[in-house]
file target_10.pdb (PDB, C-alpha atoms and all ligand atoms)
MODEL        1
ATOM      1  CA  MET E  12     124.962  99.775  83.680
ATOM      2  CA  ARG E  13     125.523  96.372  82.135
ATOM      3  CA  THR E  14     128.430  94.167  83.021
ATOM      4  CA  CYS E  15     131.023  93.093  80.471
ATOM      5  CA  LYS E  16     129.690  89.568  80.700
ATOM      6  CA  GLU E  17     126.214  90.727  79.703
ATOM      7  CA  ILE E  18     127.614  92.820  76.891
ATOM      8  CA  SER E  19     129.725  90.029  75.462
ATOM      9  CA  LYS E  20     126.594  87.899  75.364
ATOM     10  CA  LEU E  21     124.740  90.679  73.563
ATOM     11  CA  VAL E  22     127.596  91.056  71.108
ATOM     12  CA  SER E  23     127.507  87.409  70.093
ATOM     13  CA  GLU E  24     123.710  87.451  69.945
ATOM     14  CA  SER E  25     123.759  90.534  67.756
ATOM     15  CA  LEU E  26     125.704  88.557  65.158
ATOM     16  CA  ASP E  27     122.977  85.960  64.945
ATOM     17  CA  ARG E  28     119.877  88.062  65.171
ATOM     18  CA  GLU E  29     118.593  91.598  65.288
ATOM     19  CA  LEU E  30     118.620  92.826  68.876
ATOM     20  CA  PRO E  31     115.837  94.948  70.324
ATOM     21  CA  LEU E  32     116.650  98.666  70.191
ATOM     22  CA  ARG E  33     117.134  98.847  73.961
ATOM     23  CA  GLU E  34     119.719  96.077  73.913
ATOM     24  CA  ARG E  35     121.467  97.576  70.920
ATOM     25  CA  MET E  36     121.690 100.949  72.638
ATOM     26  CA  ALA E  37     123.026  99.390  75.828
ATOM     27  CA  MET E  38     125.591  97.486  73.834
ATOM     28  CA  ARG E  39     126.721 100.524  71.841
ATOM     29  CA  LEU E  40     126.942 102.661  74.941
ATOM     30  CA  HIS E  41     129.030 100.050  76.685
ATOM     31  CA  LEU E  42     131.285  99.544  73.667
ATOM     32  CA  MET E  43     131.944 103.273  73.547
ATOM     33  CA  MET E  44     133.266 103.218  77.076
ATOM     34  CA  CYS E  45     134.811  99.792  77.393
ATOM     35  CA  SER E  46     137.805  98.965  75.226
ATOM     36  CA  LEU E  47     137.800  95.341  76.366
ATOM     37  CA  CYS E  48     134.342  94.740  74.979
ATOM     38  CA  ARG E  49     135.160  96.779  71.895
ATOM     39  CA  THR E  50     138.070  94.457  71.166
ATOM     40  CA  TYR E  51     135.892  91.452  71.862
ATOM     41  CA  SER E  52     133.188  92.717  69.527
ATOM     42  CA  HIS E  53     135.742  93.395  66.811
ATOM     43  CA  GLN E  54     137.266  89.938  67.108
ATOM     44  CA  MET E  55     133.873  88.261  67.055
ATOM     45  CA  ARG E  56     132.981  90.073  63.858
ATOM     46  CA  GLN E  57     136.261  89.115  62.227
ATOM     47  CA  LEU E  58     135.849  85.511  63.273
ATOM     48  CA  ARG E  59     132.339  85.465  61.850
ATOM     49  CA  SER E  60     133.411  86.869  58.518
ATOM     50  CA  VAL E  61     136.242  84.344  58.286
ATOM     51  CA  LEU E  62     133.848  81.515  59.062
ATOM     52  CA  LYS E  63     131.368  82.869  56.564
ATOM     53  CA  LYS E  64     134.004  83.052  53.834
ATOM     54  CA  ALA E  65     135.090  79.505  54.603
ATOM     55  CA  SER E  66     131.541  78.217  54.310
ATOM     56  CA  ASP E  67     131.041  80.180  51.101
ATOM     57  CA  VAL E  68     134.010  78.417  49.567
ATOM     58  CA  GLU E  69     132.677  75.017  50.560
ATOM     59  CA  THR E  70     129.290  75.766  49.047
ATOM     60  CA  PRO E  71     129.432  75.191  45.314
ATOM     61  CA  THR E  72     128.225  78.079  43.213
ATOM     62  CA  GLU E  73     125.332  77.653  40.835
ATOM     63  CA  GLN E  74     127.704  77.566  37.916
ATOM     64  CA  THR E  75     129.751  74.641  39.158
ATOM     65  CA  LEU E  76     126.534  72.857  40.011
ATOM     66  CA  SER E  77     125.122  73.228  36.521
ATOM     67  CA  GLU E  78     128.507  72.324  35.035
ATOM     68  CA  GLU E  79     128.489  69.171  37.082
ATOM     69  CA  ALA E  80     124.921  68.440  36.153
ATOM     70  CA  ARG E  81     125.717  68.841  32.469
ATOM     71  CA  LEU E  82     128.614  66.405  32.739
ATOM     72  CA  ARG E  83     126.414  63.946  34.521
ATOM     73  CA  ILE E  84     123.768  64.229  31.822
ATOM     74  CA  LYS E  85     126.422  63.722  29.124
ATOM     75  CA  GLN E  86     127.692  60.609  30.823
ATOM     76  CA  ALA E  87     124.201  59.315  31.287
ATOM     77  CA  LEU E  88     123.470  59.876  27.601
ATOM     78  CA  LYS E  89     126.655  58.046  26.586
ATOM     79  CA  LYS E  90     125.595  55.038  28.567
ATOM     80  CA  GLU E  91     122.276  55.070  26.758
ATOM     81  CA  GLU E  92     123.946  54.825  23.346
TER      82      GLU E  92
HETATM   83 ZN    ZN C 101     132.914  95.840  78.869
ENDMDL
END
call {"tool": "encode", "arguments": {"input": "target_10.pdb", "output": "structure tokens", "more": "lines below"}}
Ligand SMILES: [Zn+2]
result
Amino acid sequence: MRTCKEISKLVSESLDRELPLRERMAMRLHLMMCSLCRTYSHQMRQLRSVLKKASDVETPTEQTLSEEARLRIKQALKKEE
């Protein structure tokens, strides 16, 4: 039986990389029985998705990039005239 400390480590690792089947099973089994770790796992996932959304917003989409590039080209062409 794993301790909550070990499981919380597995939970945060599982968000960054694919865990080996054995670890995943141990984590799932523990989460089924331990509401503390279940809550922790849930909060970690929520936090991650919030962080991901925030970084998505900061990253310009391809469209804004090309829009910007077009403007820059226009301005560059004007200077040439
Ligand atoms: Zn636990």
call {"tool": "residues_around", "arguments": {"input": "target_10.pdb", "residues": "stretch 45-59 of chain E", "least_positions_apart": "2", "cutoff": "12 Å", "atoms": "only C-alpha atoms", "output": "NGL selection string"}}
result
:E and (12-27 or 37-43 or 61-66)
call {"tool": "write_last_selection", "arguments": {"input": "target_10.pdb", "atoms": "C-alpha atoms", "output": "PDB file, in the frame of the given file"}}
result
ATOM      1  CA  MET E  12     124.962  99.775  83.680  1.00  0.00           C
ATOM      2  CA  ARG E  13     125.523  96.372  82.135  1.00  0.00           C
ATOM      3  CA  THR E  14     128.430  94.167  83.021  1.00  0.00           C
ATOM      4  CA  CYS E  15     131.023  93.093  80.471  1.00  0.00           C
ATOM      5  CA  LYS E  16     129.690  89.568  80.700  1.00  0.00           C
ATOM      6  CA  GLU E  17     126.214  90.727  79.703  1.00  0.00           C
ATOM      7  CA  ILE E  18     127.614  92.820  76.891  1.00  0.00           C
ATOM      8  CA  SER E  19     129.725  90.029  75.462  1.00  0.00           C
ATOM      9  CA  LYS E  20     126.594  87.899  75.364  1.00  0.00           C
ATOM     10  CA  LEU E  21     124.740  90.679  73.563  1.00  0.00           C
ATOM     11  CA  VAL E  22     127.596  91.056  71.108  1.00  0.00           C
ATOM     12  CA  SER E  23     127.507  87.409  70.093  1.00  0.00           C
ATOM     13  CA  GLU E  24     123.710  87.451  69.945  1.00  0.00           C
ATOM     14  CA  SER E  25     123.759  90.534  67.756  1.00  0.00           C
ATOM     15  CA  LEU E  26     125.704  88.557  65.158  1.00  0.00           C
ATOM     16  CA  ASP E  27     122.977  85.960  64.945  1.00  0.00           C
ATOM     17  CA  ALA E  37     123.026  99.390  75.828  1.00  0.00           C
ATOM     18  CA  MET E  38     125.591  97.486  73.834  1.00  0.00           C
ATOM     19  CA  ARG E  39     126.721 100.524  71.841  1.00  0.00           C
ATOM     20  CA  LEU E  40     126.942 102.661  74.941  1.00  0.00           C
ATOM     21  CA  HIS E  41     129.030 100.050  76.685  1.00  0.00           C
ATOM     22  CA  LEU E  42     131.285  99.544  73.667  1.00  0.00           C
ATOM     23  CA  MET E  43     131.944 103.273  73.547  1.00  0.00           C
ATOM     24  CA  VAL E  61     136.242  84.344  58.286  1.00  0.00           C
ATOM     25  CA  LEU E  62     133.848  81.515  59.062  1.00  0.00           C
ATOM     26  CA  LYS E  63     131.368  82.869  56.564  1.00  0.00           C
ATOM     27  CA  LYS E  64     134.004  83.052  53.834  1.00  0.00           C
ATOM     28  CA  ALA E  65     135.090  79.505  54.603  1.00  0.00           C
ATOM     29  CA  SER E  66     131.541  78.217  54.310  1.00  0.00           C
TER      30      SER E  66
END
call {"tool": "atom_distance", "arguments": {"input": "target_10.pdb", "atom1": "atom CA of E:Met36", "atom2": "atom ZN of ligand ZN 101 (chain C)"}}
result
13.8 Å
call {"tool": "axis_aligned_box", "arguments": {"input": "target_10.pdb", "around": "stretch 40-48 of chain E", "padding_each_side": "6 Å", "output": "JSON"}}
result
{"center_x": 132.4, "center_y": 99.0, "center_z": 75.5, "size_x": 22.9, "size_y": 20.5, "size_z": 15.8}
call {"tool": "closest_residue", "arguments": {"input": "target_10.pdb", "among": "E:Arg83, E:Met44, E:Arg33, E:Ser60", "to": "ligand ZN 101 (chain C)", "atoms": "only C-alpha atoms and all ligand atoms"}}
result
E:Met44
call {"tool": "atom_distance", "arguments": {"input": "target_10.pdb", "atom1": "atom CA of E:Leu82", "atom2": "atom CA of E:Val68"}}
result
21.4 Å
